[in-house]
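Q: What follows is the file protein_19.pdb, containing PDB, C-alpha atoms:
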```pdb
ATOM      1  CA  MET A  23       9.316   8.898  10.115
ATOM      2  CA  PRO A  24       5.767  10.098   9.311
ATOM      3  CA  LEU A  25       4.892  11.715   6.021
ATOM      4  CA  PRO A  26       5.023  15.494   5.969
ATOM      5  CA  PRO A  27       1.456  16.896   5.912
ATOM      6  CA  VAL A  28       1.835  18.162   2.335
ATOM      7  CA  LEU A  29       2.915  14.749   1.047
ATOM      8  CA  MET A  30       0.167  13.044   3.027
ATOM      9  CA  ALA A  31      -2.438  15.324   1.473
ATOM     10  CA  LEU A  32      -1.066  14.639  -2.013
ATOM     11  CA  ALA A  33      -1.081  10.884  -1.444
ATOM     12  CA  VAL A  34      -4.666  10.946  -0.240
ATOM     13  CA  ALA A  35      -5.718  13.136  -3.171
ATOM     14  CA  ALA A  36      -4.026  10.780  -5.659
ATOM     15  CA  ALA A  37      -5.697   7.681  -4.218
ATOM     16  CA  PRO A  38      -9.121   6.538  -5.360
ATOM     17  CA  ALA A  39     -11.987   7.438  -3.046
ATOM     18  CA  PRO A  40     -12.844   4.076  -1.488
ATOM     19  CA  ALA A  41     -16.494   3.579  -0.515
ATOM     20  CA  ASP A  42     -16.104   0.050   0.878
ATOM     21  CA  PRO A  43     -15.065   0.059   4.575
ATOM     22  CA  ALA A  44     -12.332  -2.529   3.888
ATOM     23  CA  LEU A  45     -10.912  -0.262   1.167
ATOM     24  CA  GLN A  46     -11.056   2.725   3.512
ATOM     25  CA  ARG A  47      -9.158   0.778   6.172
ATOM     26  CA  GLY A  48      -6.681  -0.435   3.538
ATOM     27  CA  ALA A  49      -6.126   3.122   2.281
ATOM     28  CA  TRP A  50      -5.429   4.240   5.860
ATOM     29  CA  VAL A  51      -2.984   1.345   6.407
ATOM     30  CA  ALA A  52      -1.232   2.227   3.126
ATOM     31  CA  LEU A  53      -0.926   5.854   4.177
ATOM     32  CA  ARG A  54       0.142   5.027   7.739
ATOM     33  CA  ASP A  55       2.631   2.242   7.029
ATOM     34  CA  CYS A  56       3.620   2.303   3.380
ATOM     35  CA  GLY A  57       3.350   5.809   1.964
ATOM     36  CA  VAL A  58       6.717   6.914   3.318
ATOM     37  CA  CYS A  59       8.460   4.839   0.630
ATOM     38  CA  HIS A  60       5.809   3.517  -1.772
ATOM     39  CA  ALA A  61       3.560   5.417  -4.150
ATOM     40  CA  ILE A  62       0.145   4.447  -2.826
ATOM     41  CA  GLY A  63      -2.105   6.283  -5.284
ATOM     42  CA  LEU A  64      -2.908   6.109  -8.972
ATOM     43  CA  ASP A  65      -0.241   8.483 -10.248
ATOM     44  CA  ASP A  66       2.133   9.465  -7.445
ATOM     45  CA  VAL A  67       5.831   8.541  -7.373
ATOM     46  CA  SER A  68       7.566   6.355  -4.792
ATOM     47  CA  THR A  69       9.981   8.349  -2.656
ATOM     48  CA  ASN A  70      12.249   5.289  -2.471
ATOM     49  CA  PRO A  71      13.278   4.117  -5.959
ATOM     50  CA  LYS A  72      13.446   0.516  -4.666
ATOM     51  CA  ALA A  73       9.825   0.635  -3.467
ATOM     52  CA  PRO A  74       7.435  -0.261  -6.294
ATOM     53  CA  PRO A  75       4.240   1.767  -6.600
ATOM     54  CA  PHE A  76       1.206  -0.084  -5.298
ATOM     55  CA  ARG A  77      -0.465   0.167  -8.711
ATOM     56  CA  GLN A  78       2.417  -1.965 -10.081
ATOM     57  CA  LEU A  79       2.062  -4.492  -7.255
ATOM     58  CA  ARG A  80      -1.559  -4.911  -8.316
ATOM     59  CA  LEU A  81      -0.342  -5.948 -11.767
ATOM     60  CA  ARG A  82       2.444  -8.216 -10.490
ATOM     61  CA  PHE A  83       0.479 -10.211  -7.925
ATOM     62  CA  ASN A  84      -3.068 -11.488  -7.645
ATOM     63  CA  ALA A  85      -4.789 -10.960  -4.294
ATOM     64  CA  ILE A  86      -3.856 -14.383  -2.908
ATOM     65  CA  ALA A  87      -0.165 -14.061  -3.827
ATOM     66  CA  LEU A  88      -0.034 -10.522  -2.454
ATOM     67  CA  GLU A  89      -1.613 -11.593   0.827
ATOM     68  CA  ARG A  90       0.902 -14.434   1.163
ATOM     69  CA  ARG A  91       3.782 -12.001   0.655
ATOM     70  CA  LEU A  92       2.412  -9.432   3.112
ATOM     71  CA  HIS A  93       1.153 -11.724   5.872
ATOM     72  CA  PRO A  94       4.583 -12.463   7.443
ATOM     73  CA  MET A  95       5.553  -8.762   7.510
ATOM     74  CA  PRO A  96       4.271  -7.962  11.018
ATOM     75  CA  ALA A  97       6.531 -10.664  12.470
ATOM     76  CA  THR A  98       9.524 -10.620  10.144
ATOM     77  CA  GLY A  99       9.649  -7.269   8.366
ATOM     78  CA  HIS A 100      10.119  -7.025   4.628
ATOM     79  CA  PHE A 101      13.296  -6.508   2.597
ATOM     80  CA  GLU A 102      14.830  -3.145   3.530
ATOM     81  CA  MET A 103      11.609  -1.769   4.966
ATOM     82  CA  PRO A 104      11.699  -0.022   8.329
ATOM     83  CA  PRO A 105       9.638  -1.459  11.207
ATOM     84  CA  GLN A 106       5.913  -1.199  10.539
ATOM     85  CA  THR A 107       2.803  -1.101  12.663
ATOM     86  CA  LEU A 108       1.111  -3.385  10.110
ATOM     87  CA  THR A 109      -0.785  -6.203  11.814
ATOM     88  CA  ALA A 110      -2.051  -9.510  10.457
ATOM     89  CA  SER A 111      -5.600  -8.113  10.536
ATOM     90  CA  ASP A 112      -4.483  -5.129   8.389
ATOM     91  CA  VAL A 113      -3.240  -7.344   5.557
ATOM     92  CA  PRO A 114      -6.596  -8.255   3.909
ATOM     93  CA  ASP A 115      -7.676  -4.599   3.895
ATOM     94  CA  LEU A 116      -4.336  -3.484   2.473
ATOM     95  CA  VAL A 117      -4.554  -6.150  -0.241
ATOM     96  CA  ALA A 118      -8.101  -5.045  -1.096
ATOM     97  CA  TYR A 119      -6.898  -1.447  -1.385
ATOM     98  CA  ILE A 120      -3.926  -2.381  -3.595
ATOM     99  CA  GLN A 121      -6.197  -4.455  -5.839
ATOM    100  CA  SER A 122      -8.548  -1.452  -6.179
ATOM    101  CA  LEU A 123      -5.839   0.731  -7.770
ATOM    102  CA  LYS A 124      -7.068   0.532 -11.344
ATOM    103  CA  PRO A 125      -6.339   3.366 -13.770
ATOM    104  CA  ARG A 126      -9.094   5.893 -14.246
ATOM    105  CA  GLN A 127     -11.083   5.380 -17.423
TER     106      GLN A 127
END
```
Let me see whether you can do it: turn the structure in this file into C-alpha cells.

A:
Amino acid sequence: MPLPPVLMALAVAAAPAPADPALQRGAWVALRDCGVCHAIGLDDVSTNPKAPPFRQLRLRFNAIALERRLHPMPATGHFEMPPQTLTASDVPDLVAYIQSLKPRQ
C-alpha cells in the first residue's frame, strides 16, 4: 500500500536534503519501500510501532552490519515486512541514506 500523498510529503520534508546522488537514490528507496512502516526522516514517527525509525537504525548498526542485514531482503523478506521492491543494488544507497540521518546541529 503506497503512502498517502500527505504522509509522503511530510516524510520528504522531514528527511535531510541529500546532495550526493547515492543519498538521493537511498532517500527514494526509503520512501518507496520503507516509509509505509518506518520513520525515514529526522523527526517523524513510525506508523508501525514494531518498525524502528531509521535514525535509530543508524545508531544500532554500523554501515557494514546494516548492509549485511539488508542484503538478503530482496530474496527472503524481513521479519513481518510486506513484500518489497528493494533490490540488491538498492541496498548500498539505502545504507548510505540511513547513515546520513544525523540530528541537526

Q: If we count all atoms listed in the file and set the cut-off at 12 Å, which residues sit around Leu79 in chain A, ignoring sequence neighbours fewer than 2 positions away in its own chain? Please answer as a CSV table (one decimal) with C-alpha atoms, keeping the file's coordinate frame.

A:
```csv
chain,number,residue,atom,x,y,z
A,60,HIS,CA,5.8,3.5,-1.8
A,61,ALA,CA,3.6,5.4,-4.2
A,62,ILE,CA,0.1,4.4,-2.8
A,63,GLY,CA,-2.1,6.3,-5.3
A,64,LEU,CA,-2.9,6.1,-9.0
A,73,ALA,CA,9.8,0.6,-3.5
A,74,PRO,CA,7.4,-0.3,-6.3
A,75,PRO,CA,4.2,1.8,-6.6
A,76,PHE,CA,1.2,-0.1,-5.3
A,77,ARG,CA,-0.5,0.2,-8.7
A,81,LEU,CA,-0.3,-5.9,-11.8
A,82,ARG,CA,2.4,-8.2,-10.5
A,83,PHE,CA,0.5,-10.2,-7.9
A,84,ASN,CA,-3.1,-11.5,-7.6
A,85,ALA,CA,-4.8,-11.0,-4.3
A,87,ALA,CA,-0.2,-14.1,-3.8
A,88,LEU,CA,0.0,-10.5,-2.5
A,89,GLU,CA,-1.6,-11.6,0.8
A,91,ARG,CA,3.8,-12.0,0.7
A,92,LEU,CA,2.4,-9.4,3.1
A,116,LEU,CA,-4.3,-3.5,2.5
A,117,VAL,CA,-4.6,-6.2,-0.2
A,118,ALA,CA,-8.1,-5.0,-1.1
A,119,TYR,CA,-6.9,-1.4,-1.4
A,120,ILE,CA,-3.9,-2.4,-3.6
A,121,GLN,CA,-6.2,-4.5,-5.8
A,122,SER,CA,-8.5,-1.5,-6.2
A,123,LEU,CA,-5.8,0.7,-7.8
A,124,LYS,CA,-7.1,0.5,-11.3
```

Q: With only C-alpha atoms as the atoms that count, which of A:Ala41, A:Leu108, A:Met95, A:Val113 lies nearest to Asp55 in chain A?

A: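 With only C-alpha atoms as the atom set, the closest residue is A:Leu108.
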
Q: Please determine, counting all atoms listed in the file, which residue among A:Thr107, A:Pro125, A:Ile86, A:Asn70 has the shortest atom-to-atom distance to Trp50 in chain A.

A: A:Thr107

Q: Rounded to one decimal in Å, what is the spacing between CA of Ala52 in chain A and CA of Arg90 in chain A?

A: 16.9 Å

Q: Counting all atoms listed in the file, note down every residue that has an atom within 10 Å of the point (-12.9, -2.4, 8.9) (file coordinates), as a list of chain:residue names.

A: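 Output: A:Asp42, A:Pro43, A:Ala44, A:Leu45, A:Gln46, A:Arg47, A:Gly48, A:Ser111, A:Asp112, A:Pro114, A:Asp115.
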
Q: Please, what distance in Å, to one decimal, runs between CA of Asp66 in chain A and CA of Glu102 in chain A?

A: 21.0 Å

Q: What is the distance, in Å and to one decimal place, between CA of Gly57 in chain A and CA of Thr69 in chain A?

A: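 Between these atoms lies a distance of 8.5 Å.
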
Q: Please return the centre and edge lengths, in Å to one decimal, of a box with edges along x, y and z that contains all listed atoms of range 72-77 of chain A, widened by 8 Å on every side, as lines of an AutoDock Vina configuration file.

A:
```
center_x = 6.5
center_y = 0.8
center_z = -6.1
size_x = 29.9
size_y = 18.0
size_z = 21.2
```
